[in-house]
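What follows is one structure encoded as structure tokens, with my remarks underneath.
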Amino acid sequence: MITPAEIQSVKQRYGIIGNSPLLNQAILVAMQAAPTDMTVLITGESGSGKESFSKIIHSLSLRKHGKFIAINCGAIPEGTIDSELFGHEKGSFTGAHEARKGYFEVTDGGSIFLDEIGEMPLGTQARLLRVLENGEFIKVGSSKVQKTNVRVITATNVNLLKAVEKGKFREDLYYRLNTVPIFVPPLRERGEDVVLLFRKFTGDFSEKYHVKPISLDADAQNILMRYGFPGNIRQLKNIAEQISLLEENRDVNAQTLSKYLPAESSASRLPMALGSGSSGDHIDFSERDLLYKVLFDMKKDMNDLKKLVLESYQNGGINSTIMQKHQGLFEDMDSGFSQKEPMESNPSYSVPLVLETQKSNALNNEDYEEESIEDIVHEEDDNSLSLEKKEKEMIVRALRKHNNKRKYAASDLGISERTLYRKIKQYEIE
Ligand SMILES: Nc1ncnc2c1ncn2[C@@H]1O[C@H](COP(=O)(O)OP(=O)(O)O)[C@@H](O)[C@H]1O
Ligand SMILES: [Mg+2]
């Protein structure tokens, strides 16, 4: 029976930070498996901390006084991996000037950690299976069967069953390795551990680089906990190092932290792009929510504009009272997606031009298949149609007033001559 206190002491010994249930569970399984001689398969994403588990297993086993060797199967060229693991005889291949012992021979009585086992070539897999089954191996270029007693611990960040399906990994070997599976959870599934780890890393870096430690406010901590960390703890460590070195303001808020977190492909990146971040409330906005919001805002603006046009129509033009009354609307427009130019260049702001911009913005969203969005768009469209009618009437009035002199009519309407010309054609005004 392993107690929580024993788990804590193992964490301390191996510098493992974190307290999440999934992490504790993984450590518990490692501790239970350690004294048995069973083969262990450690799975987990890259950077999630698989390596420490192999060390825990070896050092809590009866082989702890034996050798421990960690080998990254992905880093050894296919042509030499057999020789590295099982040794070779002199002259067995070009360049084999001396006989050499392989790791399985040298580690007799100890443990071998085979990292990235999914990268092991099929030929080597056959040799490994033989060692696991009966402790036998043959050096490259030899015919003599040798014996060894090695405990094998393996790790992978790929789905080995998929590799089996693709014919890249032996099925019999997979089941043989997977006697005791240990799942190391990704960082994003460890809740507040990410904050503890960040604190630990920035603390370490502040010592290393003799800089003031970084501290995160509550919002920044939230962002950290919601971030996906595809590179897991390795990535977090890099980010902690960057911030420790580069950030002038040591009290880091959400916005500052976001600068160091690469954009994610999911919707979670949107709130950061919008620069909210001061509150956690907006974090779960999906792309669709945002689109709805834009459309609803647009609809509201459209109604305001409709009112404005009506008023100005009834008053025979836009006067300063109307402008003032709807000032908020113009300010919105200015910072939003409408054309800025007419408002800046001409004090008598062009309503019709804005209407046109609004409409085209609404219609641009027609591609979306969401029924409710289409409904909104169509309603916008209806609004636009009646507004178009009003717009046409205003243009006709202005032209009449100025004896069909476009220059003056345009100036009166607050639009450029070019726009007026386009609109005359568009509405087929004689
Ligand atoms: N729980 C943890 N606490 C502190 N550091 C950790 C923890 N897990 C992993 N690390 C560190 O993160 C880095 C990546 O771990 P590593 O075992 O190499 O990942 P993997 O082998 O799964 O790709 C290493 O520097 C390791 O020391
Ligand atoms: Mg590794």
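Going through the structure tokens in order, the chains are called A, B, and so on, while each chain numbers its residues from 1 and the ligands are numbered from 1 in the order shown.
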Got a sec to check which residues lie within 7 Å of ligand 2, using only C-alpha atoms and all ligand atoms, and send them as a short mmCIF file (atom, residue, chain, number, x, y, z; two decimals) with N, CA and C atoms, in the first residue's frame?
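Dumped everything to part.cif:
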```cif
data_model
loop_
_atom_site.label_atom_id
_atom_site.label_comp_id
_atom_site.auth_asym_id
_atom_site.auth_seq_id
_atom_site.Cartn_x
_atom_site.Cartn_y
_atom_site.Cartn_z
N SER A 46 4.59 14.66 -26.23
CA SER A 46 5.97 15.14 -26.14
C SER A 46 6.07 16.28 -25.11
N GLY A 47 7.06 16.19 -24.26
CA GLY A 47 7.29 17.25 -23.29
C GLY A 47 6.47 17.11 -22.02
N GLY A 49 6.86 14.89 -19.69
CA GLY A 49 7.68 14.46 -18.54
C GLY A 49 7.81 12.95 -18.40
N LYS A 50 7.88 12.25 -19.50
CA LYS A 50 7.93 10.78 -19.44
C LYS A 50 9.26 10.27 -18.87
N GLU A 51 10.31 11.03 -19.13
CA GLU A 51 11.64 10.54 -18.77
C GLU A 51 11.79 10.28 -17.26
N ASP A 115 13.33 5.19 -25.27
CA ASP A 115 12.41 6.30 -25.53
C ASP A 115 12.06 6.32 -27.02
#
```
Counting only C-alpha atoms, give me one row per residue of region 158-206 of chain A with an atom at most 9 Å from an atom of region 236-244 of chain A, showing the shortest contact pair and its distance in Å to one decimal, sorted by chain then residue number, as a Markdown table.
```
| residue | atom | partner | partner_atom | distance |
| --- | --- | --- | --- | --- |
| A:Leu187 | CA | A:Leu236 | CA | 8.9 |
| A:Val194 | CA | A:Leu236 | CA | 8.0 |
| A:Leu197 | CA | A:Leu236 | CA | 8.0 |
| A:Phe198 | CA | A:Ala240 | CA | 6.3 |
| A:Arg199 | CA | A:Ala240 | CA | 8.5 |
| A:Phe201 | CA | A:Ala240 | CA | 6.2 |
| A:Thr202 | CA | A:Ala240 | CA | 5.5 |
| A:Gly203 | CA | A:Ser244 | CA | 8.8 |
| A:Phe205 | CA | A:Glu241 | CA | 6.3 |
| A:Ser206 | CA | A:Ser244 | CA | 6.6 |
```
key: Within 7 Å of Gly110 (chain A) using only C-alpha atoms, minus same-chain residues under 5 positions, as number ranges by chain   = A: 63, 66-68, 150-151
Each chain A residue no farther than 10 Å from ligand 1, nearest pair in Å, only C-alpha atoms and all ligand atoms, as a Markdown table:
```
| residue | atom | partner | partner_atom_place_in_ligand_line | distance |
| --- | --- | --- | --- | --- |
| A:Lys11 | CA | ligand 1 | 1 (N) | 8.0 |
| A:Gln12 | CA | ligand 1 | 3 (N) | 9.5 |
| A:Tyr14 | CA | ligand 1 | 3 (N) | 8.3 |
| A:Gly15 | CA | ligand 1 | 4 (C) | 5.7 |
| A:Ile16 | CA | ligand 1 | 3 (N) | 3.7 |
| A:Ile17 | CA | ligand 1 | 3 (N) | 3.7 |
| A:Gly18 | CA | ligand 1 | 1 (N) | 5.7 |
| A:Asn19 | CA | ligand 1 | 1 (N) | 8.9 |
| A:Ser20 | CA | ligand 1 | 1 (N) | 9.9 |
| A:Leu23 | CA | ligand 1 | 1 (N) | 7.9 |
| A:Ile42 | CA | ligand 1 | 22 (O) | 8.9 |
| A:Thr43 | CA | ligand 1 | 22 (O) | 8.1 |
| A:Gly44 | CA | ligand 1 | 22 (O) | 6.2 |
| A:Glu45 | CA | ligand 1 | 22 (O) | 6.0 |
| A:Ser46 | CA | ligand 1 | 23 (O) | 3.8 |
| A:Gly47 | CA | ligand 1 | 23 (O) | 3.3 |
| A:Ser48 | CA | ligand 1 | 22 (O) | 4.0 |
| A:Gly49 | CA | ligand 1 | 17 (O) | 3.1 |
| A:Lys50 | CA | ligand 1 | 22 (O) | 3.8 |
| A:Glu51 | CA | ligand 1 | 17 (O) | 3.7 |
| A:Ser52 | CA | ligand 1 | 17 (O) | 5.6 |
| A:Phe53 | CA | ligand 1 | 17 (O) | 7.8 |
| A:Ser54 | CA | ligand 1 | 17 (O) | 9.0 |
| A:Asn72 | CA | ligand 1 | 21 (O) | 9.7 |
| A:Asp115 | CA | ligand 1 | 21 (O) | 7.5 |
| A:Glu116 | CA | ligand 1 | 21 (O) | 8.5 |
| A:Ala155 | CA | ligand 1 | 21 (O) | 7.8 |
| A:Thr156 | CA | ligand 1 | 22 (O) | 8.2 |
| A:Asn157 | CA | ligand 1 | 22 (O) | 7.4 |
| A:Val184 | CA | ligand 1 | 22 (O) | 7.7 |
| A:Pro185 | CA | ligand 1 | 22 (O) | 9.6 |
| A:Pro186 | CA | ligand 1 | 22 (O) | 9.0 |
| A:Leu187 | CA | ligand 1 | 8 (N) | 8.8 |
| A:Arg190 | CA | ligand 1 | 1 (N) | 9.8 |
| A:Asp193 | CA | ligand 1 | 1 (N) | 8.3 |
| A:Val194 | CA | ligand 1 | 1 (N) | 9.3 |
| A:Leu196 | CA | ligand 1 | 3 (N) | 8.9 |
| A:Leu197 | CA | ligand 1 | 4 (C) | 6.3 |
| A:Phe198 | CA | ligand 1 | 4 (C) | 9.4 |
| A:Lys200 | CA | ligand 1 | 4 (C) | 8.0 |
| A:Phe201 | CA | ligand 1 | 4 (C) | 8.2 |
| A:Gly231 | CA | ligand 1 | 23 (O) | 8.4 |
| A:Asn232 | CA | ligand 1 | 14 (C) | 7.7 |
| A:Ile233 | CA | ligand 1 | 12 (O) | 4.7 |
| A:Arg234 | CA | ligand 1 | 13 (C) | 4.4 |
| A:Gln235 | CA | ligand 1 | 12 (O) | 8.2 |
| A:Leu236 | CA | ligand 1 | 12 (O) | 8.3 |
| A:Lys237 | CA | ligand 1 | 12 (O) | 7.0 |
| A:Asn238 | CA | ligand 1 | 13 (C) | 9.6 |
```
Generate a file of the selected residues that holds C-alpha atoms, formatted as an mmCIF file, in the first residue's frame.
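Writing the result to part_24.cif gives the following:
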```cif
data_model
loop_
_atom_site.group_PDB
_atom_site.id
_atom_site.type_symbol
_atom_site.label_atom_id
_atom_site.label_comp_id
_atom_site.auth_asym_id
_atom_site.auth_seq_id
_atom_site.Cartn_x
_atom_site.Cartn_y
_atom_site.Cartn_z
ATOM 1 C CA LYS A 11 7.980 13.817 -6.404
ATOM 2 C CA GLN A 12 10.407 15.720 -4.265
ATOM 3 C CA TYR A 14 12.728 13.602 -8.761
ATOM 4 C CA GLY A 15 11.828 17.273 -8.931
ATOM 5 C CA ILE A 16 8.330 16.544 -10.147
ATOM 6 C CA ILE A 17 6.078 19.545 -9.618
ATOM 7 C CA GLY A 18 2.321 19.204 -9.517
ATOM 8 C CA ASN A 19 -0.546 17.800 -7.567
ATOM 9 C CA SER A 20 -3.194 16.959 -10.111
ATOM 10 C CA LEU A 23 -0.243 13.031 -12.297
ATOM 11 C CA ILE A 42 4.952 5.068 -20.706
ATOM 12 C CA THR A 43 2.679 7.023 -23.018
ATOM 13 C CA GLY A 44 2.104 10.751 -23.175
ATOM 14 C CA GLU A 45 2.566 13.734 -25.413
ATOM 15 C CA SER A 46 5.966 15.144 -26.142
ATOM 16 C CA GLY A 47 7.286 17.253 -23.285
ATOM 17 C CA SER A 48 4.877 15.840 -20.716
ATOM 18 C CA GLY A 49 7.677 14.457 -18.538
ATOM 19 C CA LYS A 50 7.934 10.779 -19.443
ATOM 20 C CA GLU A 51 11.640 10.537 -18.769
ATOM 21 C CA SER A 52 11.404 11.010 -14.987
ATOM 22 C CA PHE A 53 9.050 8.066 -14.827
ATOM 23 C CA SER A 54 11.656 5.723 -16.240
ATOM 24 C CA ASN A 72 16.280 7.582 -27.789
ATOM 25 C CA ASP A 115 12.415 6.302 -25.530
ATOM 26 C CA GLU A 116 10.411 6.929 -28.713
ATOM 27 C CA ALA A 155 8.035 5.381 -23.864
ATOM 28 C CA THR A 156 6.200 6.801 -26.840
ATOM 29 C CA ASN A 157 4.303 9.894 -27.834
ATOM 30 C CA VAL A 184 1.506 10.757 -18.319
ATOM 31 C CA PRO A 185 -1.197 13.433 -18.674
ATOM 32 C CA PRO A 186 -0.687 16.461 -20.909
ATOM 33 C CA LEU A 187 -0.137 19.744 -19.118
ATOM 34 C CA ARG A 190 -3.329 19.151 -14.921
ATOM 35 C CA ASP A 193 -0.208 22.463 -11.831
ATOM 36 C CA VAL A 194 0.656 24.757 -14.703
ATOM 37 C CA LEU A 196 2.939 25.840 -9.849
ATOM 38 C CA LEU A 197 5.295 24.806 -12.628
ATOM 39 C CA PHE A 198 5.450 28.332 -14.013
ATOM 40 C CA LYS A 200 8.985 27.053 -10.119
ATOM 41 C CA PHE A 201 10.558 27.695 -13.516
ATOM 42 C CA GLY A 231 4.586 21.255 -26.236
ATOM 43 C CA ASN A 232 3.586 20.614 -22.632
ATOM 44 C CA ILE A 233 6.075 21.216 -19.819
ATOM 45 C CA ARG A 234 8.972 21.686 -22.188
ATOM 46 C CA GLN A 235 7.067 24.520 -23.865
ATOM 47 C CA LEU A 236 6.024 26.048 -20.546
ATOM 48 C CA LYS A 237 9.641 26.033 -19.435
ATOM 49 C CA ASN A 238 10.722 27.852 -22.606
#
```
What lies within 10 Å of Asp37 (chain A) using only C-alpha atoms, ignoring chain neighbours under 5 positions off, as a PDB file with N, CA and C atoms, in the first residue's frame?
```pdb
ATOM      1  N   ILE A  57      11.052   4.323 -11.910  1.00  0.00           N
ATOM      2  CA  ILE A  57      10.854   2.874 -11.965  1.00  0.00           C
ATOM      3  C   ILE A  57      12.166   2.130 -11.705  1.00  0.00           C
ATOM      4  N   HIS A  58      13.232   2.576 -12.334  1.00  0.00           N
ATOM      5  CA  HIS A  58      14.509   1.889 -12.129  1.00  0.00           C
ATOM      6  C   HIS A  58      14.984   2.031 -10.676  1.00  0.00           C
ATOM      7  N   SER A  61      13.352  -0.055  -8.066  1.00  0.00           N
ATOM      8  CA  SER A  61      13.295  -1.491  -8.351  1.00  0.00           C
ATOM      9  C   SER A  61      14.441  -2.213  -7.658  1.00  0.00           C
ATOM     10  N   LEU A  62      14.398  -3.531  -7.729  1.00  0.00           N
ATOM     11  CA  LEU A  62      15.464  -4.324  -7.116  1.00  0.00           C
ATOM     12  C   LEU A  62      16.768  -4.188  -7.906  1.00  0.00           C
ATOM     13  N   ARG A  63      16.674  -3.594  -9.069  1.00  0.00           N
ATOM     14  CA  ARG A  63      17.853  -3.411  -9.914  1.00  0.00           C
ATOM     15  C   ARG A  63      18.522  -2.062  -9.683  1.00  0.00           C
ATOM     16  N   SER A 111      18.518  -1.738 -16.046  1.00  0.00           N
ATOM     17  CA  SER A 111      17.336  -1.370 -16.834  1.00  0.00           C
ATOM     18  C   SER A 111      17.724  -0.544 -18.048  1.00  0.00           C
ATOM     19  N   VAL A 150      17.824  -7.914 -18.590  1.00  0.00           N
ATOM     20  CA  VAL A 150      17.602  -6.465 -18.578  1.00  0.00           C
ATOM     21  C   VAL A 150      16.115  -6.177 -18.443  1.00  0.00           C
ATOM     22  N   ARG A 151      15.828  -5.223 -17.607  1.00  0.00           N
ATOM     23  CA  ARG A 151      14.440  -4.779 -17.535  1.00  0.00           C
ATOM     24  C   ARG A 151      14.226  -3.675 -18.577  1.00  0.00           C
ATOM     25  N   VAL A 152      13.152  -3.798 -19.333  1.00  0.00           N
ATOM     26  CA  VAL A 152      12.910  -2.833 -20.406  1.00  0.00           C
ATOM     27  C   VAL A 152      11.751  -1.894 -20.043  1.00  0.00           C
ATOM     28  N   ILE A 153      12.072  -0.614 -20.095  1.00  0.00           N
ATOM     29  CA  ILE A 153      11.058   0.425 -19.888  1.00  0.00           C
ATOM     30  C   ILE A 153      10.988   1.213 -21.197  1.00  0.00           C
TER      31      ILE A 153
END
```
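Separating CA of Asp217 (chain A) from CA of Leu22 (chain A) is a distance of 25.9 Å.
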request  = Assign secondary structure with DSSP using the backbone only, and return the residues of region 52-92 of chain A in strand (DSSP E or B) as a list in words.
outcome  =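 Here is the list: Phe68, Ile69, Ala70, Ile71, Asn72 and His88 of chain A.
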Given the selection you just returned, output its residues as a file containing N, CA and C atoms, formatted as a PDB file, in the first residue's frame.
```pdb
ATOM      1  N   PHE A  68      21.620   1.827 -15.501  1.00  0.00           N
ATOM      2  CA  PHE A  68      20.426   2.366 -16.147  1.00  0.00           C
ATOM      3  C   PHE A  68      20.876   3.141 -17.377  1.00  0.00           C
ATOM      4  N   ILE A  69      20.358   2.757 -18.539  1.00  0.00           N
ATOM      5  CA  ILE A  69      20.716   3.483 -19.760  1.00  0.00           C
ATOM      6  C   ILE A  69      19.444   3.958 -20.444  1.00  0.00           C
ATOM      7  N   ALA A  70      19.439   5.231 -20.839  1.00  0.00           N
ATOM      8  CA  ALA A  70      18.301   5.775 -21.588  1.00  0.00           C
ATOM      9  C   ALA A  70      18.713   5.958 -23.038  1.00  0.00           C
ATOM     10  N   ILE A  71      17.928   5.393 -23.935  1.00  0.00           N
ATOM     11  CA  ILE A  71      18.245   5.485 -25.361  1.00  0.00           C
ATOM     12  C   ILE A  71      17.057   6.044 -26.122  1.00  0.00           C
ATOM     13  N   ASN A  72      17.342   7.023 -26.956  1.00  0.00           N
ATOM     14  CA  ASN A  72      16.280   7.582 -27.789  1.00  0.00           C
ATOM     15  C   ASN A  72      16.312   6.892 -29.152  1.00  0.00           C
ATOM     16  N   HIS A  88      28.220  -5.760 -32.023  1.00  0.00           N
ATOM     17  CA  HIS A  88      28.583  -6.394 -33.295  1.00  0.00           C
ATOM     18  C   HIS A  88      29.936  -7.084 -33.172  1.00  0.00           C
TER      19      HIS A  88
END
```
request  = To one decimal in Å, tell me the separation between CA of Ile112 (chain A) and CA of Thr154 (chain A).
outcome  =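 About the pair CA of Ile112 (chain A) and CA of Thr154 (chain A): they are 8.2 Å apart.
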query = Could you name the residues that touch region 118-133 of chain A at 8 Å or less, counting only C-alpha atoms, but leaving out those on the same chain fewer than 4 positions away, as a list in words?
reply = Cys73, Gly74, Glu78, Ile81, Asp82, Phe137, Thr148, Val152, Thr156, Val158, Leu160, Ala163, Lys168, Phe169, Arg170, Leu173 and Arg176 of chain A
For the residues selected in the previous step, produce a file with N, CA and C atoms as a PDB file, in the first residue's frame.
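File produced: part-v3.pdb:
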```pdb
ATOM      1  N   CYS A  73      15.354   5.996 -29.356  1.00  0.00           N
ATOM      2  CA  CYS A  73      15.345   5.208 -30.604  1.00  0.00           C
ATOM      3  C   CYS A  73      15.198   6.101 -31.833  1.00  0.00           C
ATOM      4  N   GLY A  74      14.580   7.259 -31.665  1.00  0.00           N
ATOM      5  CA  GLY A  74      14.385   8.155 -32.799  1.00  0.00           C
ATOM      6  C   GLY A  74      15.666   8.862 -33.203  1.00  0.00           C
ATOM      7  N   GLU A  78      18.953   4.219 -38.536  1.00  0.00           N
ATOM      8  CA  GLU A  78      18.450   2.861 -38.708  1.00  0.00           C
ATOM      9  C   GLU A  78      19.592   1.863 -38.940  1.00  0.00           C
ATOM     10  N   ILE A  81      21.369   1.048 -35.297  1.00  0.00           N
ATOM     11  CA  ILE A  81      20.646   0.808 -34.038  1.00  0.00           C
ATOM     12  C   ILE A  81      20.813  -0.638 -33.531  1.00  0.00           C
ATOM     13  N   ASP A  82      20.822  -1.608 -34.444  1.00  0.00           N
ATOM     14  CA  ASP A  82      21.007  -3.002 -34.012  1.00  0.00           C
ATOM     15  C   ASP A  82      22.345  -3.172 -33.307  1.00  0.00           C
ATOM     16  N   PHE A 137      19.884 -12.763 -27.222  1.00  0.00           N
ATOM     17  CA  PHE A 137      20.167 -11.851 -28.330  1.00  0.00           C
ATOM     18  C   PHE A 137      21.395 -12.351 -29.075  1.00  0.00           C
ATOM     19  N   THR A 148      21.082 -12.230 -21.551  1.00  0.00           N
ATOM     20  CA  THR A 148      21.172 -11.020 -20.718  1.00  0.00           C
ATOM     21  C   THR A 148      19.903 -10.895 -19.888  1.00  0.00           C
ATOM     22  N   VAL A 152      13.152  -3.798 -19.333  1.00  0.00           N
ATOM     23  CA  VAL A 152      12.910  -2.833 -20.406  1.00  0.00           C
ATOM     24  C   VAL A 152      11.751  -1.894 -20.043  1.00  0.00           C
ATOM     25  N   THR A 156       6.569   6.343 -25.490  1.00  0.00           N
ATOM     26  CA  THR A 156       6.200   6.801 -26.840  1.00  0.00           C
ATOM     27  C   THR A 156       5.227   7.963 -26.758  1.00  0.00           C
ATOM     28  N   VAL A 158       3.593   8.515 -29.699  1.00  0.00           N
ATOM     29  CA  VAL A 158       2.676   8.202 -30.797  1.00  0.00           C
ATOM     30  C   VAL A 158       1.748   7.073 -30.372  1.00  0.00           C
ATOM     31  N   LEU A 160       0.726   3.742 -30.586  1.00  0.00           N
ATOM     32  CA  LEU A 160       1.362   2.536 -31.118  1.00  0.00           C
ATOM     33  C   LEU A 160       0.364   1.614 -31.816  1.00  0.00           C
ATOM     34  N   ALA A 163       0.203   2.659 -35.211  1.00  0.00           N
ATOM     35  CA  ALA A 163       1.420   2.217 -35.898  1.00  0.00           C
ATOM     36  C   ALA A 163       1.314   0.726 -36.237  1.00  0.00           C
ATOM     37  N   LYS A 168       3.725  -0.578 -39.110  1.00  0.00           N
ATOM     38  CA  LYS A 168       5.021  -0.029 -38.727  1.00  0.00           C
ATOM     39  C   LYS A 168       5.509  -0.574 -37.391  1.00  0.00           C
ATOM     40  N   PHE A 169       4.596  -1.176 -36.662  1.00  0.00           N
ATOM     41  CA  PHE A 169       4.984  -1.705 -35.354  1.00  0.00           C
ATOM     42  C   PHE A 169       4.403  -3.103 -35.166  1.00  0.00           C
ATOM     43  N   ARG A 170       5.232  -3.999 -34.660  1.00  0.00           N
ATOM     44  CA  ARG A 170       4.792  -5.387 -34.479  1.00  0.00           C
ATOM     45  C   ARG A 170       3.725  -5.469 -33.407  1.00  0.00           C
ATOM     46  N   LEU A 173       4.896  -7.411 -30.281  1.00  0.00           N
ATOM     47  CA  LEU A 173       5.788  -6.592 -29.444  1.00  0.00           C
ATOM     48  C   LEU A 173       4.983  -5.565 -28.650  1.00  0.00           C
ATOM     49  N   ARG A 176       3.498  -7.127 -25.700  1.00  0.00           N
ATOM     50  CA  ARG A 176       4.560  -7.529 -24.782  1.00  0.00           C
ATOM     51  C   ARG A 176       5.074  -6.326 -23.986  1.00  0.00           C
TER      52      ARG A 176
END
```
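The residue that comes closest to Ala263 (chain A), out of A:Pro213, A:Tyr227, A:Lys390, A:Leu246 and on the basis of only C-alpha atoms, is A:Tyr227.
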message = I'd like to know which of A:Asn253, A:Asn134, A:Gln8, A:Ser59 is closest to Leu28 (chain A), using only C-alpha atoms.
response = A:Gln8
ask   = CA of Ser215 (chain A) and CA of Pro21 (chain A) are how many Å apart?
value = 25.4 Å
message = Let me make sure I understand: among A:Asn24, A:Ile117, A:Lys55, A:Arg100, which one has the smallest atom-to-atom distance to Ala5 (chain A) if we use only C-alpha atoms?
response =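 Smallest distance to Ala5 (chain A) is found for A:Asn24.
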Excluding region 393-403 of chain A and its own-chain neighbours fewer than 3 positions away, which residues fall within 10 Å of it when counting only C-alpha atoms? Please give them as a PDB file with C-alpha atoms, in the first residue's frame.
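In the end it all went to out.pdb:
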```pdb
ATOM      1  CA  VAL A 309     -32.416  58.552 -42.503  1.00  0.00           C
ATOM      2  CA  SER A 312     -33.251  63.538 -42.031  1.00  0.00           C
ATOM      3  CA  TYR A 313     -35.630  62.794 -44.861  1.00  0.00           C
ATOM      4  CA  GLY A 316     -35.012  67.774 -45.614  1.00  0.00           C
ATOM      5  CA  GLY A 317     -31.390  66.940 -44.807  1.00  0.00           C
ATOM      6  CA  PRO A 352     -26.092  56.736 -47.756  1.00  0.00           C
ATOM      7  CA  LEU A 387     -33.214  52.329 -47.112  1.00  0.00           C
ATOM      8  CA  GLU A 388     -32.056  52.104 -50.668  1.00  0.00           C
ATOM      9  CA  LYS A 389     -35.362  53.526 -51.755  1.00  0.00           C
ATOM     10  CA  LYS A 390     -34.898  56.446 -49.376  1.00  0.00           C
ATOM     11  CA  ARG A 406     -23.457  66.477 -59.676  1.00  0.00           C
ATOM     12  CA  LYS A 407     -20.660  68.310 -57.964  1.00  0.00           C
ATOM     13  CA  TYR A 408     -23.012  70.339 -55.785  1.00  0.00           C
ATOM     14  CA  ALA A 409     -25.440  67.493 -55.255  1.00  0.00           C
ATOM     15  CA  ALA A 410     -22.625  65.264 -54.081  1.00  0.00           C
ATOM     16  CA  SER A 411     -21.336  67.904 -51.740  1.00  0.00           C
ATOM     17  CA  ASP A 412     -24.824  68.414 -50.343  1.00  0.00           C
ATOM     18  CA  LEU A 413     -25.219  64.669 -49.817  1.00  0.00           C
ATOM     19  CA  LEU A 420     -22.714  59.798 -56.582  1.00  0.00           C
ATOM     20  CA  LYS A 423     -25.181  55.511 -57.297  1.00  0.00           C
ATOM     21  CA  ILE A 424     -26.883  57.271 -60.198  1.00  0.00           C
ATOM     22  CA  TYR A 427     -30.363  53.292 -59.134  1.00  0.00           C
ATOM     23  CA  ILE A 429     -31.544  57.665 -62.093  1.00  0.00           C
ATOM     24  CA  GLU A 430     -32.231  59.635 -65.276  1.00  0.00           C
TER      25      GLU A 430
END
```
